[in-house]
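J.: Pasting final03.cif below, which is mmCIF, C-alpha atoms.
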```
data_upload
#
loop_
_atom_site.label_atom_id
_atom_site.label_comp_id
_atom_site.auth_asym_id
_atom_site.auth_seq_id
_atom_site.Cartn_x
_atom_site.Cartn_y
_atom_site.Cartn_z
CA MET A 929 -9.86 -19.79 -4.08
CA THR A 930 -6.56 -21.23 -2.93
CA ARG A 931 -4.39 -18.96 -0.84
CA ARG A 932 -0.76 -18.80 -1.80
CA PRO A 933 1.72 -17.95 0.92
CA VAL A 934 3.66 -14.74 0.49
CA ASP A 935 7.17 -15.62 -0.59
CA MET A 936 9.35 -14.64 2.33
CA GLY A 937 12.17 -15.40 -0.05
CA ASN A 938 15.70 -16.35 0.50
CA PRO A 939 17.21 -13.76 2.87
CA ASP A 940 20.17 -13.34 0.51
CA ARG A 941 17.82 -12.54 -2.35
CA LEU A 942 15.85 -10.00 -0.32
CA TYR A 943 19.12 -8.43 0.83
CA THR A 944 20.17 -8.05 -2.79
CA VAL A 945 16.78 -6.72 -3.95
CA THR A 946 16.83 -3.97 -1.32
CA GLY A 947 20.50 -3.15 -1.64
CA GLY A 948 21.13 -4.29 1.92
CA ARG A 949 18.49 -2.02 3.47
CA SER A 950 16.13 -3.46 6.03
CA ARG A 951 13.78 -0.48 6.50
CA ALA A 952 12.22 2.23 4.42
CA GLU A 953 13.67 5.67 5.15
CA ASP A 954 10.31 7.10 6.24
CA ASP A 955 6.70 6.12 6.88
CA THR A 956 5.34 7.37 3.56
CA PHE A 957 3.65 4.12 2.67
CA ASP A 958 0.76 2.69 4.69
CA LEU A 959 -0.72 -0.63 3.61
CA VAL A 960 -3.57 1.25 1.92
CA THR A 961 -1.55 4.04 0.30
CA LEU A 962 -2.42 4.15 -3.40
CA ILE A 963 0.49 4.09 -5.83
CA VAL A 964 0.40 5.25 -9.47
CA SER A 965 3.18 5.04 -12.08
CA GLU A 966 4.32 8.37 -13.49
CA CYS A 967 6.42 6.87 -16.30
CA ASP A 968 7.20 3.68 -18.15
CA PRO A 969 10.08 1.45 -17.10
CA SER A 970 13.42 2.30 -18.65
CA PRO A 971 16.17 -0.08 -19.80
CA GLY A 972 18.53 -1.19 -17.06
CA MET A 973 16.04 -0.85 -14.20
CA GLN A 974 15.89 -3.46 -11.47
CA SER A 975 13.32 -6.12 -12.42
CA GLU A 976 11.24 -5.55 -9.26
CA HIS A 977 11.03 -1.83 -10.05
CA VAL A 978 9.85 -2.67 -13.57
CA ARG A 979 7.16 -4.98 -12.22
CA ILE A 980 5.97 -2.32 -9.77
CA LEU A 981 5.72 0.30 -12.53
CA ASP A 982 3.75 -2.15 -14.68
CA LEU A 983 1.37 -2.95 -11.81
CA CYS A 984 0.83 0.71 -10.98
CA ARG A 985 -0.50 1.89 -14.33
CA HIS A 986 -3.78 2.19 -12.43
CA PRO A 987 -3.95 3.06 -8.71
CA ILE A 988 -3.09 0.08 -6.54
CA SER A 989 -2.44 -0.19 -2.81
CA VAL A 990 0.88 -1.12 -1.24
CA VAL A 991 -0.55 -4.34 0.19
CA GLU A 992 -1.84 -5.37 -3.27
CA ILE A 993 1.59 -4.73 -4.79
CA SER A 994 3.13 -6.88 -2.07
CA ALA A 995 0.68 -9.69 -2.81
CA GLU A 996 1.20 -9.49 -6.58
CA LEU A 997 5.00 -9.51 -6.26
CA ARG A 998 4.86 -12.13 -3.51
CA LEU A 999 7.33 -10.09 -1.48
CA PRO A 1000 7.11 -8.93 2.14
CA VAL A 1001 5.56 -5.48 2.62
CA THR A 1002 8.77 -4.18 4.17
CA VAL A 1003 10.69 -4.99 0.99
CA VAL A 1004 7.98 -3.43 -1.18
CA ARG A 1005 8.09 -0.23 0.91
CA ILE A 1006 11.85 0.04 0.33
CA LEU A 1007 11.41 -0.45 -3.42
CA LEU A 1008 8.58 2.08 -3.53
CA GLY A 1009 10.77 4.57 -1.68
CA ASP A 1010 13.38 4.23 -4.43
CA LEU A 1011 10.79 4.89 -7.13
CA LEU A 1012 9.25 7.82 -5.25
CA ALA A 1013 12.66 9.43 -4.75
CA THR A 1014 13.25 9.36 -8.51
CA GLY A 1015 9.77 10.65 -9.35
CA ARG A 1016 8.69 7.46 -11.12
CA ILE A 1017 5.60 6.97 -8.92
CA SER A 1018 3.24 9.11 -6.94
CA ALA A 1019 1.68 8.07 -3.65
CA ARG A 1020 -1.70 9.11 -2.32
CA ARG A 1021 -2.51 8.38 1.30
CA PRO A 1022 -6.14 7.94 2.32
CA ARG A 1023 -7.81 10.90 3.95
CA ALA A 1024 -7.74 10.94 7.72
CA ALA A 1025 -10.98 10.14 9.46
CA ARG A 1026 -13.09 13.12 10.43
CA SER A 1027 -12.81 14.16 14.02
CA LEU A 1028 -15.40 12.97 16.49
CA ILE A 1029 -16.32 16.56 17.29
CA GLY A 1030 -18.46 16.89 14.17
CA LEU A 1031 -20.35 13.63 14.72
CA PRO A 1032 -23.77 13.48 16.40
CA ASP A 1033 -24.03 12.42 20.02
CA SER A 1034 -24.57 8.67 20.49
CA ALA A 1035 -27.56 9.34 22.78
CA LEU A 1036 -29.26 11.28 19.97
CA LEU A 1037 -28.61 8.44 17.54
CA GLU A 1038 -30.11 5.94 19.99
CA GLU A 1039 -33.25 8.10 20.30
CA VAL A 1040 -33.58 8.24 16.52
CA LEU A 1041 -33.16 4.46 16.30
CA HIS A 1042 -35.77 3.97 19.02
CA GLY A 1043 -38.16 6.29 17.15
CA LEU A 1044 -37.64 4.39 13.89
CA ARG A 1045 -38.37 1.08 15.58
CA ASN A 1046 -41.65 2.50 16.93
CA LEU A 1047 -42.83 3.40 13.43
#
```
Take the structure I supplied and represent it as structure tokens, if you would.

T.:
Amino acid sequence: MTRRPVDMGNPDRLYTVTGGRSRAEDDTFDLVTLIVSECDPSPGMQSEHVRILDLCRHPISVVEISAELRLPVTVVRILLGDLLATGRISARRPRAARSLIGLPDSALLEEVLHGLRNL
């Protein structure tokens, strides 16, 4: 499989695509946040927004959207923020890892492993 570089694009083009914004307004979108379209594209929408809505008919992560569009993740986050603000997409963040309090002690796990090796 041949790797294609992500199109860092012409800075003027990226400036235009994001409406001059250089950062997303909040940290809603991690690289692994799953995005799903809530509607079909409508006439007059920005072409990048249309492509995102088409890609997100099934859950897809932010990093996958970035790769498919060949745009930097920062630009994709800004575009996703626009779509989220208008209710055209929904975002689902992965569950946080369980706390270490509920996990077994590492010494106990080592004893179990030692016992299994002796079998």

J.: Go through the shown structure with the PyMOL selection byres ((chain A and resi 965-979) around 12) and write out the matching residues as an MDAnalysis selection string.

T.: chainID A and resid 941:942 944:947 962:964 980:988 993:994 996:999 1003:1012 1014:1020

J.: Can you work out the spacing between atom CA of A:Ser989 and atom CA of A:Gly1030 in Å, to one decimal?

T.: 28.9 Å

J.: Please write the residues picked by the PyMOL selection byres ((chain A and resi 959) around 9) on this file as a list of chain:residue names.

T.: A:Phe957, A:Asp958, A:Val960, A:Thr961, A:Leu962, A:Ser989, A:Val990, A:Val991, A:Glu992, A:Val1001

J.: Between atom CA of A:Ala1013 and atom CA of A:Ala995, measure the distance and give it in Å to one decimal.

T.: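 Computed distance, atom CA of A:Ala1013 to atom CA of A:Ala995, equals 22.6 Å.
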
J.: One decimal, Å: what's the distance from atom CA of A:Arg1045 over to atom CA of A:Asp1033, could you say?

T.: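 Separating atom CA of A:Arg1045 from atom CA of A:Asp1033 is a distance of 18.8 Å.
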